[in-house]
Amino acid sequence: MTDKHLSSQFDSELNSISARVMELGGLVESQIRQAIHALSHFSMEAAEQVEQLERRVNRMEVEIDHELSTVIARRQPTARDLRLLIAFSKAIANLERMGDEATRMARMCRSIIESGAARSLPSSDLRVAADLASGLLRKALDAFARLDTKAAVAILKEDDLIDHEFDGFVRKLITYMMEDPRTISASLDLLFLAKAIERIGDHSKNVAELIIYLVEGKDVRHTTLEEIESALA
């Protein structure tokens, strides 16, 4: 991921941080997979494993953040190196928040399992969006490791699919609640779960935008997809 520097120690530090960021991403992927399993199989055990992983994710995020602060203070990097370290910092913040959303999914699953009501609701419809979100994170991590701006743009487009799935699911849930008010409580749990999935997609999109920032030096957070594609052409 990084260019060579005169200081081999600096290269070693950057490579170490990069590896730790990828490791953190792997942990968050595990959380999301377990949360999807909990939803698909109404598994209380899988939901509990997500919450256990949350402590490891939080601890690692703090450790990497401290490592970044130490490197910035000691090396006082400029230009591309500084952008890289800033991108690392923002990436781990987004990964930690994805872990929070996975934990929120697990807690909603626990509530749904305990109520038993969701078996009559379209919870299986969420698996499509959940699989999309999980795949998007995997692609974002791969693109970040390779600094692939084309893959980053593809991720920005794919996030729209998750948003579309979310909107459709909300409409379906509203219909269920209108037809049978007894499903309102369980439907709200599913709604919060769907929102957590959507936010995982949003955070993966943020990581993709960081790739463009790192490679091109452009902040594209408030830029349309058409403008981004034009700038990278």
# chains A, B, ... in the order shown; residues from 1 in each chain; ligands from 1

call {"tool": "residues_around", "arguments": {"residues": "Glu216 of chain A", "least_positions_apart": "6", "cutoff": "10 Å", "atoms": "only C-alpha atoms", "output": "list in words"}}
result
Arg80, Thr149, Leu210, Ala231 and Leu232 of chain A

call {"tool": "residues_around", "arguments": {"residues": "Glu67 of chain A", "least_positions_apart": "3", "cutoff": "12 Å", "atoms": "only C-alpha atoms", "output": "PDB file with C-alpha atoms, in the first residue's frame"}}
result
ATOM      1  CA  GLU A  13       5.473   1.560  11.007  1.00  0.00           C
ATOM      2  CA  LEU A  14       3.157   2.343   8.084  1.00  0.00           C
ATOM      3  CA  SER A  16       2.254  -2.341  10.608  1.00  0.00           C
ATOM      4  CA  ILE A  17      -0.630   0.133  10.883  1.00  0.00           C
ATOM      5  CA  SER A  18      -1.975  -0.961   7.495  1.00  0.00           C
ATOM      6  CA  ARG A  20      -3.730  -3.675  11.857  1.00  0.00           C
ATOM      7  CA  VAL A  21      -6.429  -1.767   9.961  1.00  0.00           C
ATOM      8  CA  MET A  60      -8.241  -2.539  18.708  1.00  0.00           C
ATOM      9  CA  GLU A  61      -9.659   0.761  17.428  1.00  0.00           C
ATOM     10  CA  VAL A  62      -8.226   2.564  20.478  1.00  0.00           C
ATOM     11  CA  GLU A  63      -4.847   0.849  20.053  1.00  0.00           C
ATOM     12  CA  ILE A  64      -4.552   1.750  16.352  1.00  0.00           C
ATOM     13  CA  THR A  70       2.422   8.416  18.042  1.00  0.00           C
ATOM     14  CA  VAL A  71       3.624   8.146  14.433  1.00  0.00           C
ATOM     15  CA  ILE A  72       2.248  11.586  13.521  1.00  0.00           C
ATOM     16  CA  ALA A  73       3.908  13.184  16.562  1.00  0.00           C
ATOM     17  CA  ARG A  74       7.251  11.495  15.958  1.00  0.00           C
ATOM     18  CA  ARG A  75       7.481  11.628  12.147  1.00  0.00           C
ATOM     19  CA  LEU A  85      -2.404   8.452   8.167  1.00  0.00           C
ATOM     20  CA  PHE A  88      -6.206   5.243   8.331  1.00  0.00           C
ATOM     21  CA  SER A  89      -7.701   7.241  11.195  1.00  0.00           C
ATOM     22  CA  ILE A  92     -10.809   2.744  11.708  1.00  0.00           C
TER      23      ILE A  92
END

call {"tool": "residues_around", "arguments": {"residues": "Glu48 of chain A", "least_positions_apart": "4", "cutoff": "10 Å", "atoms": "only C-alpha atoms", "output": "VMD selection string"}}
result
chain A and resid 34 to 35 38 43 to 44 52 to 53 103 106 to 107 109 to 110

call {"tool": "closest_atom_pairs", "arguments": {"of": "segment 23-49 of chain A", "to": "segment 188-206 of chain A", "cutoff": "12 Å", "atoms": "only C-alpha atoms", "output": "CSV"}}
result
residue,atom,partner,partner_atom,distance
A:Gly25,CA,A:Ser204,CA,10.5
A:Val28,CA,A:Ile200,CA,10.3
A:Glu29,CA,A:Ile200,CA,10.5
A:Gln31,CA,A:Ile200,CA,11.5
A:Ile32,CA,A:Ile200,CA,9.0
A:Arg33,CA,A:Ile197,CA,11.7
A:Ala35,CA,A:Leu193,CA,10.0
A:Ile36,CA,A:Ile197,CA,9.7
A:Ala38,CA,A:Leu193,CA,11.7
A:Leu39,CA,A:Leu193,CA,9.4

call {"tool": "write_last_selection", "arguments": {"atoms": "N, CA, C and O atoms", "output": "mmCIF file, in the first residue's frame"}}
result
data_model
loop_
_atom_site.group_PDB
_atom_site.id
_atom_site.type_symbol
_atom_site.label_atom_id
_atom_site.label_comp_id
_atom_site.auth_asym_id
_atom_site.auth_seq_id
_atom_site.Cartn_x
_atom_site.Cartn_y
_atom_site.Cartn_z
ATOM 1 N N GLY A 25 -10.693 -4.676 10.213
ATOM 2 C CA GLY A 25 -11.746 -4.904 9.234
ATOM 3 C C GLY A 25 -12.214 -6.347 9.222
ATOM 4 O O GLY A 25 -13.415 -6.618 9.105
ATOM 5 N N VAL A 28 -14.543 -6.922 12.167
ATOM 6 C CA VAL A 28 -15.870 -6.346 11.924
ATOM 7 C C VAL A 28 -16.643 -7.213 10.930
ATOM 8 O O VAL A 28 -17.855 -7.417 11.089
ATOM 9 N N GLU A 29 -15.946 -7.739 9.912
ATOM 10 C CA GLU A 29 -16.600 -8.668 8.990
ATOM 11 C C GLU A 29 -17.173 -9.862 9.741
ATOM 12 O O GLU A 29 -18.291 -10.317 9.459
ATOM 13 N N GLN A 31 -18.125 -9.960 12.851
ATOM 14 C CA GLN A 31 -19.307 -9.496 13.569
ATOM 15 C C GLN A 31 -20.542 -9.487 12.670
ATOM 16 O O GLN A 31 -21.613 -9.958 13.062
ATOM 17 N N ILE A 32 -20.371 -8.936 11.487
ATOM 18 C CA ILE A 32 -21.505 -8.813 10.569
ATOM 19 C C ILE A 32 -21.991 -10.197 10.133
ATOM 20 O O ILE A 32 -23.200 -10.450 10.075
ATOM 21 N N ARG A 33 -21.047 -11.105 9.837
ATOM 22 C CA ARG A 33 -21.444 -12.467 9.442
ATOM 23 C C ARG A 33 -22.235 -13.148 10.551
ATOM 24 O O ARG A 33 -23.245 -13.809 10.301
ATOM 25 N N ALA A 35 -23.948 -11.655 12.893
ATOM 26 C CA ALA A 35 -25.241 -10.974 13.023
ATOM 27 C C ALA A 35 -26.214 -11.472 11.960
ATOM 28 O O ALA A 35 -27.407 -11.678 12.246
ATOM 29 N N ILE A 36 -25.711 -11.687 10.731
ATOM 30 C CA ILE A 36 -26.560 -12.223 9.663
ATOM 31 C C ILE A 36 -27.003 -13.644 10.006
ATOM 32 O O ILE A 36 -28.160 -14.030 9.786
ATOM 33 N N ALA A 38 -27.369 -14.864 12.991
ATOM 34 C CA ALA A 38 -28.367 -14.746 14.061
ATOM 35 C C ALA A 38 -29.741 -14.428 13.483
ATOM 36 O O ALA A 38 -30.759 -14.984 13.916
ATOM 37 N N LEU A 39 -29.754 -13.552 12.497
ATOM 38 C CA LEU A 39 -31.016 -13.172 11.860
ATOM 39 C C LEU A 39 -31.590 -14.317 11.039
ATOM 40 O O LEU A 39 -32.796 -14.588 11.097
#

call {"tool": "closest_residue", "arguments": {"among": "A:Leu68, A:Ala133, A:Ala102, A:Leu82", "to": "Ser30 of chain A", "atoms": "only C-alpha atoms"}}
result
A:Ala102

call {"tool": "atom_distance", "arguments": {"atom1": "atom CA of Ala140 of chain A", "atom2": "atom CA of Arg56 of chain A"}}
result
21.0 Å

call {"tool": "select_by_dssp", "arguments": {"residues": "segment 40-229 of chain A", "states": "alpha helix (DSSP H)", "output": "MDAnalysis selection string"}}
result
chainID A and resid 40:41 44:75 79:115 126:146 149:179 184:216 225:229

call {"tool": "atom_distance", "arguments": {"atom1": "atom CA of Met105 of chain A", "atom2": "atom CA of Arg55 of chain A"}}
result
15.5 Å

call {"tool": "decode", "arguments": {"residues": "segment 124-140 of chain A", "atoms": "all heavy atoms", "output": "short mmCIF file (atom, residue, chain, number, x, y, z; two decimals), in the first residue's frame"}}
result
data_model
loop_
_atom_site.label_atom_id
_atom_site.label_comp_id
_atom_site.auth_asym_id
_atom_site.auth_seq_id
_atom_site.Cartn_x
_atom_site.Cartn_y
_atom_site.Cartn_z
N SER A 124 -36.79 -12.59 6.60
CA SER A 124 -35.90 -13.18 5.59
C SER A 124 -35.56 -12.17 4.49
O SER A 124 -34.51 -12.28 3.85
CB SER A 124 -36.53 -14.42 4.97
OG SER A 124 -37.76 -14.09 4.34
N ASP A 125 -36.43 -11.18 4.29
CA ASP A 125 -36.17 -10.16 3.27
C ASP A 125 -34.92 -9.35 3.59
O ASP A 125 -34.27 -8.79 2.70
CB ASP A 125 -37.36 -9.21 3.15
CG ASP A 125 -38.58 -9.87 2.53
OD1 ASP A 125 -38.55 -11.11 2.37
OD2 ASP A 125 -39.54 -9.16 2.21
N LEU A 126 -34.58 -9.26 4.88
CA LEU A 126 -33.42 -8.48 5.29
C LEU A 126 -32.11 -9.14 4.92
O LEU A 126 -31.07 -8.49 4.87
CB LEU A 126 -33.45 -8.26 6.81
CG LEU A 126 -34.35 -7.14 7.32
CD1 LEU A 126 -34.30 -7.10 8.84
CD2 LEU A 126 -33.95 -5.80 6.75
N ARG A 127 -32.13 -10.45 4.67
CA ARG A 127 -30.89 -11.16 4.40
C ARG A 127 -30.23 -10.67 3.12
O ARG A 127 -29.00 -10.65 3.01
CB ARG A 127 -31.15 -12.67 4.31
CG ARG A 127 -31.63 -13.26 5.63
CD ARG A 127 -32.07 -14.69 5.48
NE ARG A 127 -32.95 -15.09 6.58
CZ ARG A 127 -33.70 -16.17 6.58
NH1 ARG A 127 -33.69 -16.97 5.54
NH2 ARG A 127 -34.46 -16.45 7.61
N VAL A 128 -31.05 -10.30 2.14
CA VAL A 128 -30.49 -9.79 0.88
C VAL A 128 -29.68 -8.52 1.14
O VAL A 128 -28.53 -8.39 0.73
CB VAL A 128 -31.61 -9.51 -0.14
CG1 VAL A 128 -31.02 -8.85 -1.39
CG2 VAL A 128 -32.35 -10.78 -0.49
N ALA A 129 -30.30 -7.57 1.86
CA ALA A 129 -29.61 -6.32 2.17
C ALA A 129 -28.40 -6.57 3.07
O ALA A 129 -27.34 -5.94 2.89
CB ALA A 129 -30.57 -5.35 2.86
N ALA A 130 -28.54 -7.50 4.03
CA ALA A 130 -27.43 -7.80 4.94
C ALA A 130 -26.25 -8.40 4.18
O ALA A 130 -25.08 -8.05 4.43
CB ALA A 130 -27.90 -8.75 6.04
N ASP A 131 -26.53 -9.30 3.24
CA ASP A 131 -25.46 -9.89 2.44
C ASP A 131 -24.80 -8.83 1.55
O ASP A 131 -23.58 -8.85 1.36
CB ASP A 131 -26.01 -11.02 1.57
CG ASP A 131 -26.32 -12.27 2.38
OD1 ASP A 131 -25.74 -12.44 3.47
OD2 ASP A 131 -27.15 -13.08 1.92
N LEU A 132 -25.61 -7.91 1.02
CA LEU A 132 -25.05 -6.82 0.22
C LEU A 132 -24.11 -5.96 1.06
O LEU A 132 -23.02 -5.59 0.61
CB LEU A 132 -26.18 -5.95 -0.35
CG LEU A 132 -26.95 -6.46 -1.57
CD1 LEU A 132 -28.14 -5.57 -1.85
CD2 LEU A 132 -26.04 -6.54 -2.79
N ALA A 133 -24.54 -5.64 2.28
CA ALA A 133 -23.72 -4.79 3.17
C ALA A 133 -22.42 -5.49 3.55
O ALA A 133 -21.35 -4.88 3.56
CB ALA A 133 -24.52 -4.43 4.42
N SER A 134 -22.51 -6.79 3.86
CA SER A 134 -21.31 -7.55 4.20
C SER A 134 -20.34 -7.61 3.02
O SER A 134 -19.13 -7.42 3.18
CB SER A 134 -21.71 -8.96 4.63
OG SER A 134 -20.58 -9.74 4.93
N GLY A 135 -20.89 -7.86 1.83
CA GLY A 135 -20.05 -7.90 0.64
C GLY A 135 -19.43 -6.56 0.32
O GLY A 135 -18.28 -6.48 -0.14
N LEU A 136 -20.17 -5.48 0.61
CA LEU A 136 -19.65 -4.14 0.34
C LEU A 136 -18.46 -3.83 1.24
O LEU A 136 -17.48 -3.23 0.80
CB LEU A 136 -20.77 -3.12 0.56
CG LEU A 136 -20.65 -1.80 -0.20
CD1 LEU A 136 -20.67 -2.04 -1.70
CD2 LEU A 136 -21.78 -0.85 0.18
N LEU A 137 -18.53 -4.24 2.49
CA LEU A 137 -17.40 -4.04 3.41
C LEU A 137 -16.18 -4.80 2.90
O LEU A 137 -15.06 -4.27 2.90
CB LEU A 137 -17.77 -4.49 4.82
CG LEU A 137 -16.60 -4.57 5.82
CD1 LEU A 137 -15.90 -3.22 5.94
CD2 LEU A 137 -17.09 -5.06 7.17
N ARG A 138 -16.39 -6.04 2.48
CA ARG A 138 -15.27 -6.85 1.99
C ARG A 138 -14.61 -6.18 0.79
O ARG A 138 -13.38 -6.10 0.69
CB ARG A 138 -15.79 -8.24 1.63
CG ARG A 138 -14.68 -9.27 1.36
CD ARG A 138 -15.27 -10.65 1.10
NE ARG A 138 -16.22 -11.01 2.14
CZ ARG A 138 -17.53 -11.15 1.93
NH1 ARG A 138 -18.04 -10.92 0.73
NH2 ARG A 138 -18.33 -11.50 2.91
N LYS A 139 -15.43 -5.68 -0.13
CA LYS A 139 -14.89 -5.00 -1.32
C LYS A 139 -14.17 -3.71 -0.94
O LYS A 139 -13.15 -3.36 -1.53
CB LYS A 139 -16.03 -4.70 -2.29
CG LYS A 139 -16.64 -5.94 -2.93
CD LYS A 139 -17.86 -5.57 -3.78
CE LYS A 139 -18.53 -6.81 -4.35
NZ LYS A 139 -19.76 -6.47 -5.12
N ALA A 140 -14.72 -2.99 0.05
CA ALA A 140 -14.09 -1.74 0.48
C ALA A 140 -12.72 -1.99 1.09
O ALA A 140 -11.76 -1.24 0.81
CB ALA A 140 -14.99 -1.02 1.48
#
